[in-house]
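Structure file target.cif; described as mmCIF, C-alpha atoms.
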```cif
data_work
loop_
_atom_site.group_PDB
_atom_site.id
_atom_site.type_symbol
_atom_site.label_atom_id
_atom_site.label_comp_id
_atom_site.auth_asym_id
_atom_site.auth_seq_id
_atom_site.Cartn_x
_atom_site.Cartn_y
_atom_site.Cartn_z
ATOM 1 C CA MET M 13 142.274 107.639 130.430
ATOM 2 C CA ILE M 14 138.959 107.404 128.624
ATOM 3 C CA ASP M 15 135.724 108.541 130.267
ATOM 4 C CA GLU M 16 132.549 106.450 130.514
ATOM 5 C CA HIS M 17 131.308 107.860 127.180
ATOM 6 C CA GLY M 18 134.455 106.932 125.252
ATOM 7 C CA TYR M 19 136.184 110.339 125.199
ATOM 8 C CA ARG M 20 139.809 110.993 126.089
ATOM 9 C CA PRO M 21 140.424 114.258 128.029
ATOM 10 C CA ASN M 22 142.636 116.586 126.051
ATOM 11 C CA VAL M 23 143.802 120.197 125.974
ATOM 12 C CA GLY M 24 144.084 122.424 122.929
ATOM 13 C CA ILE M 25 146.328 125.479 122.698
ATOM 14 C CA ILE M 26 145.678 128.575 120.611
ATOM 15 C CA LEU M 27 148.888 130.587 120.874
ATOM 16 C CA CYS M 28 148.798 134.110 119.478
ATOM 17 C CA ASN M 29 151.464 136.705 118.852
ATOM 18 C CA ARG M 30 151.374 140.463 119.506
ATOM 19 C CA ILE M 31 149.397 141.136 116.324
ATOM 20 C CA ASN M 32 146.825 138.410 117.067
ATOM 21 C CA GLN M 33 148.023 135.887 114.528
ATOM 22 C CA VAL M 34 147.912 132.274 115.719
ATOM 23 C CA PHE M 35 150.561 129.570 115.853
ATOM 24 C CA TRP M 36 149.844 126.921 113.209
ATOM 25 C CA ALA M 37 151.974 123.767 113.086
ATOM 26 C CA ARG M 38 152.454 120.917 110.623
ATOM 27 C CA ARG M 39 152.472 117.370 111.987
ATOM 28 C CA CYS M 40 155.743 115.534 111.397
ATOM 29 C CA ALA M 41 156.026 113.807 108.017
ATOM 30 C CA GLN M 42 152.438 114.746 107.132
ATOM 31 C CA ASN M 43 150.678 117.584 105.419
ATOM 32 C CA GLY M 44 148.201 118.038 108.284
ATOM 33 C CA TRP M 45 148.272 121.370 110.128
ATOM 34 C CA GLN M 46 146.778 121.950 113.571
ATOM 35 C CA PHE M 47 147.037 123.723 116.903
ATOM 36 C CA PRO M 48 149.114 122.054 119.613
ATOM 37 C CA GLN M 49 147.056 119.643 121.690
ATOM 38 C CA GLY M 50 147.519 116.632 123.902
ATOM 39 C CA GLY M 51 146.061 114.301 126.464
ATOM 40 C CA VAL M 52 145.448 114.978 130.131
ATOM 41 C CA ARG M 53 147.164 112.401 132.324
ATOM 42 C CA PRO M 54 145.442 110.808 135.329
ATOM 43 C CA LYS M 55 145.370 113.203 138.311
ATOM 44 C CA GLU M 56 146.761 116.039 136.137
ATOM 45 C CA SER M 57 144.858 119.329 135.978
ATOM 46 C CA VAL M 58 143.977 120.718 132.561
ATOM 47 C CA GLU M 59 146.228 123.720 133.279
ATOM 48 C CA SER M 60 149.187 121.452 134.066
ATOM 49 C CA ALA M 61 148.499 119.412 130.933
ATOM 50 C CA MET M 62 148.396 122.594 128.856
ATOM 51 C CA TYR M 63 151.794 123.767 130.153
ATOM 52 C CA ARG M 64 153.286 120.294 129.687
ATOM 53 C CA GLU M 65 152.023 120.063 126.108
ATOM 54 C CA LEU M 66 153.203 123.625 125.408
ATOM 55 C CA ARG M 67 156.701 122.647 126.522
ATOM 56 C CA GLU M 68 156.748 119.266 124.750
ATOM 57 C CA GLU M 69 155.290 120.408 121.425
ATOM 58 C CA VAL M 70 156.271 124.074 121.143
ATOM 59 C CA GLY M 71 159.261 124.341 123.494
ATOM 60 C CA LEU M 72 157.856 127.237 125.516
ATOM 61 C CA ASP M 73 157.844 127.686 129.285
ATOM 62 C CA PRO M 74 155.033 129.292 131.321
ATOM 63 C CA SER M 75 157.114 132.474 131.692
ATOM 64 C CA GLN M 76 157.072 132.946 127.910
ATOM 65 C CA VAL M 77 153.279 133.064 127.579
ATOM 66 C CA GLY M 78 150.286 134.681 129.194
ATOM 67 C CA VAL M 79 146.954 132.888 129.572
ATOM 68 C CA LEU M 80 144.162 135.035 128.145
ATOM 69 C CA GLY M 81 141.465 132.470 128.928
ATOM 70 C CA ARG M 82 140.035 129.030 128.343
ATOM 71 C CA THR M 83 136.804 127.465 127.184
ATOM 72 C CA ARG M 84 134.125 127.181 129.845
ATOM 73 C CA ASP M 85 133.428 123.522 129.221
ATOM 74 C CA TRP M 86 134.620 120.476 127.329
ATOM 75 C CA LEU M 87 134.293 120.509 123.537
ATOM 76 C CA TYR M 88 133.865 117.060 121.961
ATOM 77 C CA TYR M 89 134.727 115.498 118.642
ATOM 78 C CA ASP M 90 134.471 111.947 117.363
ATOM 79 C CA ILE M 91 137.366 110.384 115.499
ATOM 80 C CA PRO M 92 136.302 108.578 112.324
ATOM 81 C CA ASP M 93 136.840 104.819 112.289
ATOM 82 C CA ASP M 94 139.613 105.143 109.695
ATOM 83 C CA TYR M 95 141.733 107.182 112.166
ATOM 84 C CA ARG M 96 141.170 105.088 115.295
ATOM 85 C CA ARG M 97 143.643 102.584 116.646
ATOM 86 C CA ARG M 98 141.994 99.220 116.969
ATOM 87 C CA ASN M 99 141.639 98.079 120.571
ATOM 88 C CA PRO M 100 138.687 95.839 121.445
ATOM 89 C CA GLN M 101 139.189 96.523 125.190
ATOM 90 C CA THR M 102 138.205 100.208 124.892
ATOM 91 C CA VAL M 103 135.131 102.078 123.790
ATOM 92 C CA PHE M 104 137.147 105.014 122.432
ATOM 93 C CA ARG M 105 135.034 107.478 120.395
ATOM 94 C CA GLY M 106 137.105 110.637 120.338
ATOM 95 C CA GLN M 107 138.397 113.533 122.386
ATOM 96 C CA LYS M 108 136.929 116.027 124.806
ATOM 97 C CA GLN M 109 138.963 119.195 124.993
ATOM 98 C CA ILE M 110 139.447 122.295 127.079
ATOM 99 C CA TRP M 111 140.950 125.002 124.872
ATOM 100 C CA PHE M 112 143.347 127.695 126.104
ATOM 101 C CA LEU M 113 144.101 131.025 124.460
ATOM 102 C CA LEU M 114 147.669 132.147 125.131
ATOM 103 C CA ARG M 115 149.733 135.183 124.158
ATOM 104 C CA LEU M 116 153.427 134.713 123.389
ATOM 105 C CA HIS M 117 155.523 137.057 125.541
ATOM 106 C CA GLY M 118 158.772 135.640 124.206
ATOM 107 C CA ARG M 119 160.238 135.806 120.724
ATOM 108 C CA ASP M 120 159.592 133.660 117.671
ATOM 109 C CA GLU M 121 163.087 132.253 118.175
ATOM 110 C CA ASP M 122 161.971 130.802 121.531
ATOM 111 C CA VAL M 123 159.750 128.293 119.728
ATOM 112 C CA ARG M 124 161.464 124.891 119.696
ATOM 113 C CA LEU M 125 159.776 121.970 117.989
ATOM 114 C CA ASP M 126 162.653 119.585 118.743
ATOM 115 C CA LEU M 127 162.696 119.419 122.557
ATOM 116 C CA SER M 128 160.734 116.185 122.750
ATOM 117 C CA ASP M 129 162.179 112.744 122.006
ATOM 118 C CA ARG M 130 159.321 112.353 119.533
ATOM 119 C CA PRO M 131 158.443 115.770 118.105
ATOM 120 C CA GLU M 132 154.833 116.274 117.017
ATOM 121 C CA PHE M 133 155.567 119.042 114.514
ATOM 122 C CA ASP M 134 158.254 119.706 111.912
ATOM 123 C CA SER M 135 157.214 123.203 110.801
ATOM 124 C CA TRP M 136 155.177 126.145 112.001
ATOM 125 C CA ARG M 137 153.993 129.597 110.958
ATOM 126 C CA TRP M 138 151.852 132.492 112.150
ATOM 127 C CA THR M 139 148.498 132.724 110.397
ATOM 128 C CA GLU M 140 145.298 134.725 110.638
ATOM 129 C CA TYR M 141 142.948 133.736 113.456
ATOM 130 C CA TRP M 142 140.039 132.320 111.435
ATOM 131 C CA SER M 143 142.076 131.027 108.477
ATOM 132 C CA VAL M 144 142.878 127.776 110.289
ATOM 133 C CA LEU M 145 139.376 126.492 109.539
ATOM 134 C CA GLU M 146 140.387 126.197 105.873
ATOM 135 C CA ASP M 147 143.240 123.799 106.683
ATOM 136 C CA ILE M 148 142.056 121.713 109.615
ATOM 137 C CA ILE M 149 140.936 118.148 109.000
ATOM 138 C CA ASP M 150 137.154 117.861 108.602
ATOM 139 C CA PHE M 151 136.343 115.954 111.786
ATOM 140 C CA LYS M 152 138.018 118.620 113.977
ATOM 141 C CA ARG M 153 136.569 121.653 112.166
ATOM 142 C CA GLU M 154 133.466 122.137 114.323
ATOM 143 C CA VAL M 155 135.432 121.972 117.590
ATOM 144 C CA TYR M 156 137.965 124.461 116.218
ATOM 145 C CA LYS M 157 135.131 126.775 115.156
ATOM 146 C CA ARG M 158 133.523 126.589 118.602
ATOM 147 C CA ALA M 159 136.807 127.150 120.452
ATOM 148 C CA LEU M 160 137.789 130.080 118.224
ATOM 149 C CA ALA M 161 134.345 131.667 118.589
ATOM 150 C CA GLU M 162 134.271 131.314 122.375
ATOM 151 C CA LEU M 163 137.812 132.635 122.858
ATOM 152 C CA GLU M 164 137.859 135.428 120.250
ATOM 153 C CA PRO M 165 136.285 138.057 122.567
ATOM 154 C CA LEU M 166 139.167 137.499 125.006
ATOM 155 C CA LEU M 167 141.670 138.124 122.235
ATOM 156 C CA LEU M 168 139.915 141.305 121.186
ATOM 157 C CA THR M 169 139.827 142.761 124.725
ATOM 158 C CA ALA M 170 143.351 141.737 125.769
ATOM 159 C CA PRO M 171 146.137 144.245 125.106
ATOM 160 C CA ALA M 172 148.039 143.195 121.979
ATOM 161 C CA GLN M 173 151.301 144.738 123.130
ATOM 162 C CA ASP M 174 153.030 143.249 126.184
#
```
Would you mind writing the file's structure down as structure tokens?
Amino acid sequence: MIDEHGYRPNVGIILCNRINQVFWARRCAQNGWQFPQGGVRPKESVESAMYRELREEVGLDPSQVGVLGRTRDWLYYDIPDDYRRRNPQTVFRGQKQIWFLLRLHGRDEDVRLDLSDRPEFDSWRWTEYWSVLEDIIDFKREVYKRALAELEPLLLTAPAQD
């Protein structure tokens, strides 16, 4: 589902632990690290898409996390030509994302990267909140910076201990 401007609706997930570190995952068979994210299906709410992606990519259920907040509006990024799939029938430019900030209520052992038939990630770690900007691919960096900046006040005011 691509909008009239060429952007695919997508959700991004910033999952934090009790000491405000964030979940950082490596894409399968690659050296690229990122936050979990995924497309919004037709007639699916962004909240439903977020929970679906959380389950598919991280193996967590809604009961194992708390939603601290989300971005107010869509954040956009263009995908460079080298990364786009070629399809002359679409005018695909990139992604528009709503970002969610979640707190893990479960344990590290609850994270399961292998629940999907086609896992997105093969490894993960906790890392410092702003350190992800050093590792994220260039064309996503500005969206990550904007999402982190908008959501950080929610992290700082939410109780760290559950």
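Using all atoms listed in the file, the nearest neighbour of M:Val144 within the list M:Ala161, M:Val34, M:Leu114, M:Leu87 is M:Val34.
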Among the residues M:Gly106, M:Asp73, M:Glu164, M:Leu27, the one that comes closest to M:Gly51 [using all atoms listed in the file]: M:Gly106
Residues selected by the PyMOL selection byres ((chain M and resi 92) around 12), written as a ChimeraX atom specification: /M:89-91,93-98,104-107,149-152
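Using all atoms listed in the file, the shortest contact distance between M:Val70 and any of M:Ala41, M:Leu163, M:Val123, M:Val103 is found at M:Val123.
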Nearby residues (only C-alpha atoms) at most 8 Å from stretch 43-46 of chain M, same-chain spacing under 4 positions excluded, as number ranges by chain: M: 36-39, 144, 147-149
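Distances from M:Ile110, M:Leu80, M:Arg30, M:Arg20 to M:Val58 were compared using only C-alpha atoms, and the smallest one belongs to M:Ile110.
Between atom CA of M:Arg84 and atom CA of M:Leu125 there is a distance of 28.7 Å.
Here atom CA of M:Glu56 stands at a distance of 28.5 Å from atom CA of M:Arg119.
The residues returned by the PyMOL selection byres ((chain M and resi 142) around 10) on the shown structure are Gln33, Val34, Thr139, Glu140, Tyr141, Ser143, Val144, Leu145, Glu146, Tyr156, Lys157, Leu160, Ala161 and Glu164 of chain M.
Counting from atom CA of M:Val155, the distance to atom CA of M:Lys108 is 9.5 Å.
Close contacts of M:Leu72, defined as residues with an atom at most 9 Å away when counting all atoms listed in the file, with chain neighbours fewer than 6 positions off set aside, comprise Tyr63, Leu66, Leu116, Gly118, Asp122, Val123 and Arg124 of chain M.
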Shortest interatomic distance to M:Val23 - which of M:Trp111, M:Phe47, M:Phe133, M:Tyr88, counting all atoms listed in the file: M:Trp111
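When all atoms listed in the file are used to measure the gap to M:Leu166, the shortest distance among M:His117, M:Arg153, M:Arg82, M:Arg137 belongs to M:Arg82.
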Surrounding residues of M:Cys40 excluding itself and chain neighbours under 4 positions, 8 Å, all atoms listed in the file, as a PDB file with C-alpha atoms, in the coordinates of the input:
```
ATOM      1  CA  PRO M 131     158.443 115.770 118.105  1.00  0.00           C
ATOM      2  CA  GLU M 132     154.833 116.274 117.017  1.00  0.00           C
ATOM      3  CA  PHE M 133     155.567 119.042 114.514  1.00  0.00           C
ATOM      4  CA  ASP M 134     158.254 119.706 111.912  1.00  0.00           C
ATOM      5  CA  SER M 135     157.214 123.203 110.801  1.00  0.00           C
TER       6      SER M 135
END
```
